[in-house]
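Working notes, beginning with the structure itself.
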Amino acid sequence: MPAKPKVAFFDFTSCEGCQLTIVDLLQTHLGLVNLVEIVQFREAMTEKGEDYAIAFIEGSCTRKSDEDRLRKIREQAAVVVALGACAHLGGVNAMKNRWAIENVQTYVYGEDGKAMYESYEARPISAVIQVDAAIPGCPIDRFEFLHLVQKMLQGRAPKLPDYPLCVECKLKENACLNKLGKPCLGPITRAGCNAICPTYGDGCEGCRGWIPEANFDEMREILRGHGLSDADIDARFTMFNHYQMQHMGDDAPVTTTVSPVKDEPLPTSTFAAPQEEPVR
Ligand code: SF4
Ligand code: SF4
Ligand code: SF4
């Protein structure tokens, strides 16, 4: 019997929700562990093997020291897969790139604490190392992960859908949210999640990234029709895709700047934490 491919999972700046999706998948598809040998997976096991051929990397690169760790993984792994929107796109972590990094550090850690935590512009892992495949989404779709593993074990290259989410949504016979007065980014977003958000009544936020040649102008017109301001629309376009917008330069389809503006203060939170009765 041929040796099973050795697989390792790594996390960088992330909420670990994508790894959790895989742990959850293993509850129902335990057969997967008969096909591969997992040598490192902090979320699921204590062993830590350094001999692996396939590396799944979750999370964005958000500090200089991440780069060395990423390069070390790349040197070891024959195949590197970006796992989820943080690793694939930079994801929600890259929203902070809107402000000067020292302002973000002060905002989060305070004047005294900011020097204690290293941080720089958040970026997808492909900005640092070569990536062979990606599983988009926040979190990933578990069946897309399964599909990718199957393809890799067959020695075939996985291919992401390059058509919009609306195709999947229509196949599910959903009523279109944009026609019902609810904003949805389905027309410009890459399919593959089976239109899960619109199916449950929520507009798509673009977590799988854009389709090639997305028509942002037309999407903006649709969103303006919902009464959204251009700044609101920019915020939707950049929620998961800030890094991409930032690096499109003059072609970025945004009306406000996506590059850091020195000295611009971060918004004040209007969230009021619930006051709990002290435990006696
Ligand atoms: S892509 Fe989403 S679910 Fe996955 S680690 Fe990032 S924030 Fe968490
Ligand atoms: S609800 Fe969204 S994804 Fe579905 S058809 Fe309408 S715009 Fe497209
Ligand atoms: S519907 Fe949109 S936001 Fe929701 S999971 Fe799919 S791509 Fe992401």
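Residue numbering restarts at 1 for every chain of the structure tokens, chains are lettered A, B, ... in their displayed order, and ligands are numbered from 1 as they appear.
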
Could the residues of chain A that have an atom at most 12 Å from ligand 1 be listed as JSON lines, each with its closest atom pair and the distance in Å to one decimal, counting only C-alpha atoms and all ligand atoms and ordered by chain and ascending residue number?
{"residue": "A:Phe10", "atom": "CA", "partner": "ligand 1", "partner_atom_place_in_ligand_line": "5 (S)", "distance": 10.9}
{"residue": "A:Asp11", "atom": "CA", "partner": "ligand 1", "partner_atom_place_in_ligand_line": "5 (S)", "distance": 8.2}
{"residue": "A:Phe12", "atom": "CA", "partner": "ligand 1", "partner_atom_place_in_ligand_line": "5 (S)", "distance": 8.6}
{"residue": "A:Thr13", "atom": "CA", "partner": "ligand 1", "partner_atom_place_in_ligand_line": "5 (S)", "distance": 7.6}
{"residue": "A:Ser14", "atom": "CA", "partner": "ligand 1", "partner_atom_place_in_ligand_line": "5 (S)", "distance": 4.2}
{"residue": "A:Cys15", "atom": "CA", "partner": "ligand 1", "partner_atom_place_in_ligand_line": "8 (Fe)", "distance": 4.0}
{"residue": "A:Glu16", "atom": "CA", "partner": "ligand 1", "partner_atom_place_in_ligand_line": "5 (S)", "distance": 4.4}
{"residue": "A:Gly17", "atom": "CA", "partner": "ligand 1", "partner_atom_place_in_ligand_line": "3 (S)", "distance": 3.8}
{"residue": "A:Cys18", "atom": "CA", "partner": "ligand 1", "partner_atom_place_in_ligand_line": "4 (Fe)", "distance": 4.1}
{"residue": "A:Gln19", "atom": "CA", "partner": "ligand 1", "partner_atom_place_in_ligand_line": "5 (S)", "distance": 7.2}
{"residue": "A:Leu20", "atom": "CA", "partner": "ligand 1", "partner_atom_place_in_ligand_line": "3 (S)", "distance": 8.3}
{"residue": "A:Thr21", "atom": "CA", "partner": "ligand 1", "partner_atom_place_in_ligand_line": "3 (S)", "distance": 8.3}
{"residue": "A:Ile22", "atom": "CA", "partner": "ligand 1", "partner_atom_place_in_ligand_line": "4 (Fe)", "distance": 10.7}
{"residue": "A:Phe56", "atom": "CA", "partner": "ligand 1", "partner_atom_place_in_ligand_line": "5 (S)", "distance": 11.9}
{"residue": "A:Ile57", "atom": "CA", "partner": "ligand 1", "partner_atom_place_in_ligand_line": "5 (S)", "distance": 9.7}
{"residue": "A:Glu58", "atom": "CA", "partner": "ligand 1", "partner_atom_place_in_ligand_line": "5 (S)", "distance": 6.0}
{"residue": "A:Gly59", "atom": "CA", "partner": "ligand 1", "partner_atom_place_in_ligand_line": "5 (S)", "distance": 5.5}
{"residue": "A:Ser60", "atom": "CA", "partner": "ligand 1", "partner_atom_place_in_ligand_line": "6 (Fe)", "distance": 7.8}
{"residue": "A:Cys61", "atom": "CA", "partner": "ligand 1", "partner_atom_place_in_ligand_line": "6 (Fe)", "distance": 11.4}
{"residue": "A:Ala82", "atom": "CA", "partner": "ligand 1", "partner_atom_place_in_ligand_line": "1 (S)", "distance": 9.9}
{"residue": "A:Leu83", "atom": "CA", "partner": "ligand 1", "partner_atom_place_in_ligand_line": "4 (Fe)", "distance": 7.2}
{"residue": "A:Gly84", "atom": "CA", "partner": "ligand 1", "partner_atom_place_in_ligand_line": "1 (S)", "distance": 4.2}
{"residue": "A:Ala85", "atom": "CA", "partner": "ligand 1", "partner_atom_place_in_ligand_line": "1 (S)", "distance": 4.0}
{"residue": "A:Cys86", "atom": "CA", "partner": "ligand 1", "partner_atom_place_in_ligand_line": "6 (Fe)", "distance": 4.3}
{"residue": "A:Ala87", "atom": "CA", "partner": "ligand 1", "partner_atom_place_in_ligand_line": "1 (S)", "distance": 7.1}
{"residue": "A:His88", "atom": "CA", "partner": "ligand 1", "partner_atom_place_in_ligand_line": "1 (S)", "distance": 8.2}
{"residue": "A:Leu89", "atom": "CA", "partner": "ligand 1", "partner_atom_place_in_ligand_line": "1 (S)", "distance": 8.8}
{"residue": "A:Gly90", "atom": "CA", "partner": "ligand 1", "partner_atom_place_in_ligand_line": "6 (Fe)", "distance": 8.5}
{"residue": "A:Gly91", "atom": "CA", "partner": "ligand 1", "partner_atom_place_in_ligand_line": "1 (S)", "distance": 6.5}
{"residue": "A:Val92", "atom": "CA", "partner": "ligand 1", "partner_atom_place_in_ligand_line": "7 (S)", "distance": 6.6}
{"residue": "A:Asn93", "atom": "CA", "partner": "ligand 1", "partner_atom_place_in_ligand_line": "7 (S)", "distance": 7.8}
{"residue": "A:Ala94", "atom": "CA", "partner": "ligand 1", "partner_atom_place_in_ligand_line": "6 (Fe)", "distance": 10.9}
{"residue": "A:Met95", "atom": "CA", "partner": "ligand 1", "partner_atom_place_in_ligand_line": "7 (S)", "distance": 11.9}
{"residue": "A:Pro124", "atom": "CA", "partner": "ligand 1", "partner_atom_place_in_ligand_line": "6 (Fe)", "distance": 10.7}
{"residue": "A:Ala134", "atom": "CA", "partner": "ligand 1", "partner_atom_place_in_ligand_line": "1 (S)", "distance": 11.4}
{"residue": "A:Ile135", "atom": "CA", "partner": "ligand 1", "partner_atom_place_in_ligand_line": "1 (S)", "distance": 9.6}
{"residue": "A:Pro136", "atom": "CA", "partner": "ligand 1", "partner_atom_place_in_ligand_line": "1 (S)", "distance": 7.7}
{"residue": "A:Gly137", "atom": "CA", "partner": "ligand 1", "partner_atom_place_in_ligand_line": "1 (S)", "distance": 5.9}
{"residue": "A:Cys138", "atom": "CA", "partner": "ligand 1", "partner_atom_place_in_ligand_line": "2 (Fe)", "distance": 3.5}
{"residue": "A:Pro139", "atom": "CA", "partner": "ligand 1", "partner_atom_place_in_ligand_line": "3 (S)", "distance": 3.6}
{"residue": "A:Ile140", "atom": "CA", "partner": "ligand 1", "partner_atom_place_in_ligand_line": "4 (Fe)", "distance": 6.4}
{"residue": "A:Asp141", "atom": "CA", "partner": "ligand 1", "partner_atom_place_in_ligand_line": "4 (Fe)", "distance": 10.0}
{"residue": "A:Arg142", "atom": "CA", "partner": "ligand 1", "partner_atom_place_in_ligand_line": "4 (Fe)", "distance": 11.5}
{"residue": "A:Gly206", "atom": "CA", "partner": "ligand 1", "partner_atom_place_in_ligand_line": "1 (S)", "distance": 11.7}
{"residue": "A:Cys207", "atom": "CA", "partner": "ligand 1", "partner_atom_place_in_ligand_line": "1 (S)", "distance": 8.0}
{"residue": "A:Arg208", "atom": "CA", "partner": "ligand 1", "partner_atom_place_in_ligand_line": "1 (S)", "distance": 9.2}
{"residue": "A:Gly209", "atom": "CA", "partner": "ligand 1", "partner_atom_place_in_ligand_line": "1 (S)", "distance": 11.4}
{"residue": "A:Met239", "atom": "CA", "partner": "ligand 1", "partner_atom_place_in_ligand_line": "7 (S)", "distance": 11.3}
{"residue": "A:Phe240", "atom": "CA", "partner": "ligand 1", "partner_atom_place_in_ligand_line": "1 (S)", "distance": 9.0}
{"residue": "A:Asn241", "atom": "CA", "partner": "ligand 1", "partner_atom_place_in_ligand_line": "1 (S)", "distance": 11.7}

Keeping only N, CA and C atoms, write those residues as a tab-separated table (two decimals), in the first residue's frame.
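Saved file out24.tsv follows:
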chain	number	residue	atom	x	y	z
A	10	PHE	N	-1.44	24.90	9.59
A	10	PHE	CA	-0.78	26.01	10.30
A	10	PHE	C	-1.76	27.18	10.42
A	11	ASP	N	-1.60	27.96	11.49
A	11	ASP	CA	-2.44	29.15	11.62
A	11	ASP	C	-1.60	30.40	11.82
A	12	PHE	N	-2.01	31.45	11.12
A	12	PHE	CA	-1.41	32.77	11.30
A	12	PHE	C	-2.53	33.66	11.86
A	13	THR	N	-2.59	34.93	11.48
A	13	THR	CA	-3.62	35.78	12.09
A	13	THR	C	-5.01	35.39	11.57
A	14	SER	N	-5.82	34.88	12.46
A	14	SER	CA	-7.10	34.30	12.06
A	14	SER	C	-7.97	34.09	13.29
A	15	CYS	N	-9.21	33.69	13.06
A	15	CYS	CA	-10.07	33.34	14.20
A	15	CYS	C	-10.09	31.83	14.41
A	16	GLU	N	-9.40	31.10	13.53
A	16	GLU	CA	-9.30	29.63	13.55
A	16	GLU	C	-10.61	28.95	13.16
A	17	GLY	N	-11.54	29.72	12.63
A	17	GLY	CA	-12.83	29.15	12.22
A	17	GLY	C	-12.70	28.18	11.06
A	18	CYS	N	-11.72	28.41	10.20
A	18	CYS	CA	-11.55	27.50	9.05
A	18	CYS	C	-11.02	26.15	9.52
A	19	GLN	N	-10.05	26.18	10.44
A	19	GLN	CA	-9.56	24.91	11.01
A	19	GLN	C	-10.68	24.19	11.75
A	20	LEU	N	-11.48	24.97	12.45
A	20	LEU	CA	-12.59	24.38	13.20
A	20	LEU	C	-13.57	23.68	12.26
A	21	THR	N	-13.75	24.26	11.08
A	21	THR	CA	-14.64	23.65	10.07
A	21	THR	C	-14.11	22.26	9.70
A	22	ILE	N	-12.77	22.13	9.63
A	22	ILE	CA	-12.19	20.83	9.27
A	22	ILE	C	-12.32	19.85	10.43
A	56	PHE	N	-1.57	23.16	4.77
A	56	PHE	CA	-2.75	24.03	4.72
A	56	PHE	C	-2.48	25.19	5.67
A	57	ILE	N	-2.56	26.41	5.14
A	57	ILE	CA	-2.23	27.58	5.96
A	57	ILE	C	-3.46	28.47	6.11
A	58	GLU	N	-3.85	28.65	7.36
A	58	GLU	CA	-4.98	29.54	7.68
A	58	GLU	C	-4.40	30.86	8.21
A	59	GLY	N	-5.07	31.96	7.90
A	59	GLY	CA	-4.68	33.25	8.50
A	59	GLY	C	-3.84	34.12	7.58
A	60	SER	N	-3.88	35.41	7.86
A	60	SER	CA	-3.11	36.38	7.07
A	60	SER	C	-1.73	36.56	7.66
A	61	CYS	N	-0.85	37.10	6.86
A	61	CYS	CA	0.48	37.51	7.34
A	61	CYS	C	0.33	38.95	7.83
A	82	ALA	N	-3.78	27.84	0.60
A	82	ALA	CA	-4.31	28.92	1.44
A	82	ALA	C	-5.71	28.53	1.89
A	83	LEU	N	-5.92	28.51	3.19
A	83	LEU	CA	-7.17	28.00	3.76
A	83	LEU	C	-8.02	29.17	4.27
A	84	GLY	N	-9.02	29.55	3.50
A	84	GLY	CA	-9.94	30.58	3.96
A	84	GLY	C	-9.54	31.99	3.55
A	85	ALA	N	-10.51	32.91	3.73
A	85	ALA	CA	-10.35	34.27	3.22
A	85	ALA	C	-9.15	35.00	3.81
A	86	CYS	N	-8.81	34.76	5.08
A	86	CYS	CA	-7.67	35.47	5.68
A	86	CYS	C	-6.39	35.14	4.92
A	87	ALA	N	-6.16	33.85	4.66
A	87	ALA	CA	-4.94	33.45	3.95
A	87	ALA	C	-5.05	33.74	2.46
A	88	HIS	N	-6.23	33.57	1.90
A	88	HIS	CA	-6.43	33.70	0.45
A	88	HIS	C	-6.42	35.17	0.01
A	89	LEU	N	-7.12	36.03	0.79
A	89	LEU	CA	-7.30	37.43	0.36
A	89	LEU	C	-6.66	38.46	1.28
A	90	GLY	N	-6.29	38.06	2.47
A	90	GLY	CA	-5.96	39.03	3.53
A	90	GLY	C	-7.18	39.17	4.45
A	91	GLY	N	-8.37	39.08	3.85
A	91	GLY	CA	-9.62	39.00	4.60
A	91	GLY	C	-9.88	40.19	5.50
A	92	VAL	N	-10.68	39.96	6.54
A	92	VAL	CA	-11.08	41.06	7.42
A	92	VAL	C	-9.88	41.71	8.12
A	93	ASN	N	-8.80	40.94	8.28
A	93	ASN	CA	-7.62	41.54	8.94
A	93	ASN	C	-7.10	42.76	8.18
A	94	ALA	N	-7.29	42.75	6.86
A	94	ALA	CA	-6.72	43.82	6.04
A	94	ALA	C	-7.53	45.12	6.12
A	95	MET	N	-8.67	45.08	6.82
A	95	MET	CA	-9.42	46.33	7.01
A	95	MET	C	-8.57	47.37	7.75
A	124	PRO	N	-2.43	38.70	2.19
A	124	PRO	CA	-2.63	37.26	1.96
A	124	PRO	C	-1.28	36.56	1.95
A	134	ALA	N	-6.05	27.48	-3.40
A	134	ALA	CA	-6.74	28.21	-2.32
A	134	ALA	C	-8.13	27.62	-2.13
A	135	ILE	N	-8.56	27.63	-0.88
A	135	ILE	CA	-9.95	27.31	-0.58
A	135	ILE	C	-10.53	28.61	-0.01
A	136	PRO	N	-11.35	29.30	-0.80
A	136	PRO	CA	-11.84	30.61	-0.35
A	136	PRO	C	-12.90	30.47	0.74
A	137	GLY	N	-13.34	31.63	1.22
A	137	GLY	CA	-14.50	31.66	2.12
A	137	GLY	C	-14.16	31.98	3.56
A	138	CYS	N	-15.16	32.52	4.26
A	138	CYS	CA	-15.02	32.87	5.68
A	138	CYS	C	-16.27	32.39	6.41
A	139	PRO	N	-16.24	31.16	6.93
A	139	PRO	CA	-15.15	30.19	6.83
A	139	PRO	C	-15.21	29.43	5.51
A	140	ILE	N	-14.26	28.50	5.33
A	140	ILE	CA	-14.25	27.66	4.13
A	140	ILE	C	-15.52	26.81	4.08
A	141	ASP	N	-15.83	26.35	2.88
A	141	ASP	CA	-16.91	25.38	2.72
A	141	ASP	C	-16.30	23.98	2.88
A	142	ARG	N	-16.82	23.21	3.81
A	142	ARG	CA	-16.20	21.91	4.13
A	142	ARG	C	-16.18	20.97	2.94
A	206	GLY	N	-19.10	38.95	-0.15
A	206	GLY	CA	-17.91	38.84	-1.01
A	206	GLY	C	-16.73	38.12	-0.38
A	207	CYS	N	-16.98	37.19	0.55
A	207	CYS	CA	-15.85	36.57	1.27
A	207	CYS	C	-15.04	35.62	0.40
A	208	ARG	N	-15.56	35.24	-0.76
A	208	ARG	CA	-14.79	34.32	-1.62
A	208	ARG	C	-13.97	35.07	-2.67
A	209	GLY	N	-14.00	36.39	-2.60
A	209	GLY	CA	-13.25	37.18	-3.58
A	209	GLY	C	-14.07	37.42	-4.84
A	239	MET	N	-14.63	44.91	2.69
A	239	MET	CA	-14.72	44.15	3.94
A	239	MET	C	-13.78	42.93	3.95
A	240	PHE	N	-13.84	42.14	2.92
A	240	PHE	CA	-12.94	40.98	2.82
A	240	PHE	C	-11.82	41.22	1.82
A	241	ASN	N	-11.97	42.26	1.01
A	241	ASN	CA	-11.08	42.43	-0.15
A	241	ASN	C	-10.30	43.75	-0.09

Residues within 9 Å of ligand 2 (only C-alpha atoms and all ligand atoms), as an mmCIF file with C-alpha atoms, in the first residue's frame?
data_model
loop_
_atom_site.group_PDB
_atom_site.id
_atom_site.type_symbol
_atom_site.label_atom_id
_atom_site.label_comp_id
_atom_site.auth_asym_id
_atom_site.auth_seq_id
_atom_site.Cartn_x
_atom_site.Cartn_y
_atom_site.Cartn_z
ATOM 1 C CA PRO A 164 -20.656 34.535 -10.056
ATOM 2 C CA LEU A 165 -22.518 33.393 -6.993
ATOM 3 C CA CYS A 166 -25.817 34.325 -8.695
ATOM 4 C CA VAL A 167 -25.481 31.181 -10.842
ATOM 5 C CA GLU A 168 -25.615 28.929 -7.762
ATOM 6 C CA CYS A 169 -28.296 31.087 -6.192
ATOM 7 C CA LYS A 170 -30.521 30.804 -9.271
ATOM 8 C CA LYS A 172 -31.348 26.963 -5.809
ATOM 9 C CA GLU A 173 -34.383 28.938 -7.005
ATOM 10 C CA ASN A 174 -33.856 31.630 -4.370
ATOM 11 C CA ALA A 175 -35.735 34.899 -4.737
ATOM 12 C CA CYS A 176 -33.147 37.592 -5.503
ATOM 13 C CA LEU A 177 -32.414 39.727 -2.451
ATOM 14 C CA ASN A 178 -31.325 42.690 -4.558
ATOM 15 C CA LYS A 179 -34.826 42.665 -6.035
ATOM 16 C CA LEU A 180 -36.334 42.459 -2.540
ATOM 17 C CA LYS A 182 -31.581 43.806 0.448
ATOM 18 C CA PRO A 183 -27.990 44.459 -0.731
ATOM 19 C CA CYS A 184 -26.151 41.411 -2.077
ATOM 20 C CA LEU A 185 -22.707 41.236 -3.722
ATOM 21 C CA GLY A 186 -23.539 37.955 -5.526
ATOM 22 C CA PRO A 187 -23.118 39.373 -9.055
ATOM 23 C CA ILE A 188 -19.409 40.115 -8.517
ATOM 24 C CA THR A 189 -18.497 37.324 -6.051
ATOM 25 C CA ALA A 191 -19.293 31.048 -6.600
ATOM 26 C CA ALA A 195 -24.957 30.697 -2.185
ATOM 27 C CA CYS A 197 -25.919 33.479 2.739
ATOM 28 C CA PRO A 198 -28.685 34.428 0.264
ATOM 29 C CA THR A 199 -30.259 31.019 0.821
ATOM 30 C CA GLY A 201 -31.795 35.531 3.690
ATOM 31 C CA ASP A 202 -28.499 37.408 4.071
ATOM 32 C CA GLY A 203 -26.817 39.324 1.286
ATOM 33 C CA CYS A 204 -23.433 38.076 0.118
#

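One finds atom CA of Arg123 of chain A at 22.6 Å from atom CA of Ala231 of chain A.
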
Atom CA of Val261 of chain A and atom CA of Met116 of chain A are how many Å apart?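 Distance reported for this atom pair: 23.1 Å.
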
All alpha helix (DSSP H) residues (DSSP, backbone) inside segment 126-271 of chain A, as an NGL selection string: :A and (142-153 or 165-171 or 196-199 or 216-225 or 230-238 or 242-246)

Residue among A:Trp210, A:Tyr107, A:Trp99, A:Tyr243 lying closest to ligand 3, counting only C-alpha atoms and all ligand atoms: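 Among A:Trp210, A:Tyr107, A:Trp99, A:Tyr243, it is A:Trp210 that comes nearest to ligand 3.
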
Exercise: Gly49 of chain A partners within 10 Å, only C-alpha atoms, chain neighbours under 4 positions left out, as a list of chain:residue names: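 Within the cut-off, the hits are A:Lys6, A:Val7, A:Ala8, A:Ile38, A:Val39, A:Gln40, A:Phe41.
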